[in-house]
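Taking it in order: structure first as structure tokens, then the write-up.
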Amino acid sequence: MQANDARTLLQCAVPTAAAGIVAVAVGFAVAGGKGAIGAAVGMLLALASMSVGLYLLQRTARQWPQVFQMMGLALYAVQCLVIVILLGILKGTTLFSFKSFAFSVLAATLVWVAAQLRAHLKMKILYVDPEAAADAKKPAPAESPS
């Protein structure tokens with residue numbers, strides 16, 4: 001993992017974990033112990049899903065940069081689909097509060113996306129190679145007549 005990849009992961013995971021802590025506290029206040037468990041499970045699901053997605057996206061960007069944008073869109077769609085499927089499967093569970101779980105997944109996902117947007121906006125990645133631009137400005141040597 002490159003340094004900027006690790007920095008992006010850290011800048012996304014920390015606010016999401018903080019939002020998860022708040023969600024657990026709110027879940028506990030609203031629905032008791034089951035609410036706190038539901039919020040914790042939801043936060044962990046969103047955090048794991050988004051972390052794996054970021055890792056796969058960064059790996060794709062290094063190996064196949066030509067499919068980076070398509071992979072990003074496909075990955076986001078798959079993440080949403082997996083979360084919706086898990087919400088459908090766990091809808092009738094009695095292990096934890098489903099409402100706390102669902103709102104926690106939503107909050108953690110929104111915080112992750114906002115943090116990732118902020119991290120990418122603040123990242124300073126050169127899109128022009130300064131050395132190549134300087135070489136392009138130099139005059140070409142005159143060709144010798146043959």
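FYI, nothing fancy with the structure tokens labels: chains A, B, ... in order, residues from 1 per chain, ligands from 1 as they appear.
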Practice item. Using only C-alpha atoms, determine which residues lie at most 12 Å from stretch 88-90 of chain A, disregarding the query and same-chain residues fewer than 3 positions distant; provide the list as a list in words. Key: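 In the requested format, the answer is Gly38, Val41, Gly42, Leu81, Val82, Ile83, Val84, Ile85, Thr93, Thr94, Leu95, Phe96, Ser97, Phe98, Lys99, Phe101 and Ala102 of chain A.
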Exercise for review: Point out the residue among A:Leu54, A:Ala29, A:Met71, A:Leu44 with the least atom-to-atom distance to A:Gln11, counting only C-alpha atoms.
Suggested key: A:Leu54
Exercise for review: Counting only C-alpha atoms, figure out which residue out of A:Leu75, A:Ala107, A:Ala23, A:Leu86 gets nearest to A:Thr60.
Suggested key: A:Leu75
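In this structure, atom CA of A:Thr16 sits 19.9 Å away from atom CA of A:Gly72.
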Point to revise | Neighbour list for A:Ala46 as a PyMOL selection string, cut-off 8 Å, only C-alpha atoms, skip fewer than 2 positions in-chain | key: chain A and resi 42-44+48-50+83+105+108-109
Check your understanding: Just how far from atom CA of A:Ser104 is atom CA of A:Pro15, in Å to one decimal?
Key ->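 Atom CA of A:Ser104 lies at a distance of 13.4 Å from atom CA of A:Pro15.
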**Study point:** Selection near A:Gly35, 6 Å with only C-alpha atoms, sequence-local residues under 4 positions removed, as a list in words
**Key:**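 With the cut-off at 6 Å, the set is Gly27, Phe28, Ala31, Ser97 and Ser100 of chain A.
For the atom pair formed by atom CA of A:Leu56 and atom CA of A:Ala17, the distance is 20.4 Å, given to one decimal.
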Practice item. Could you give me the residues within chain A that DSSP places in helix (DSSP H, G or I), as a PyMOL selection string? Key: chain A and resi 3-63+65-89+98-122+130-137
Practice item. Mind checking which residues fall within 9 Å of A:Met123, counting only C-alpha atoms, ignoring those fewer than 3 positions away in the same chain, and posting them as a list in words? Key: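 These residues fall inside the cut-off: Asn4, Thr8, Arg118, Ala119 and His120 of chain A.
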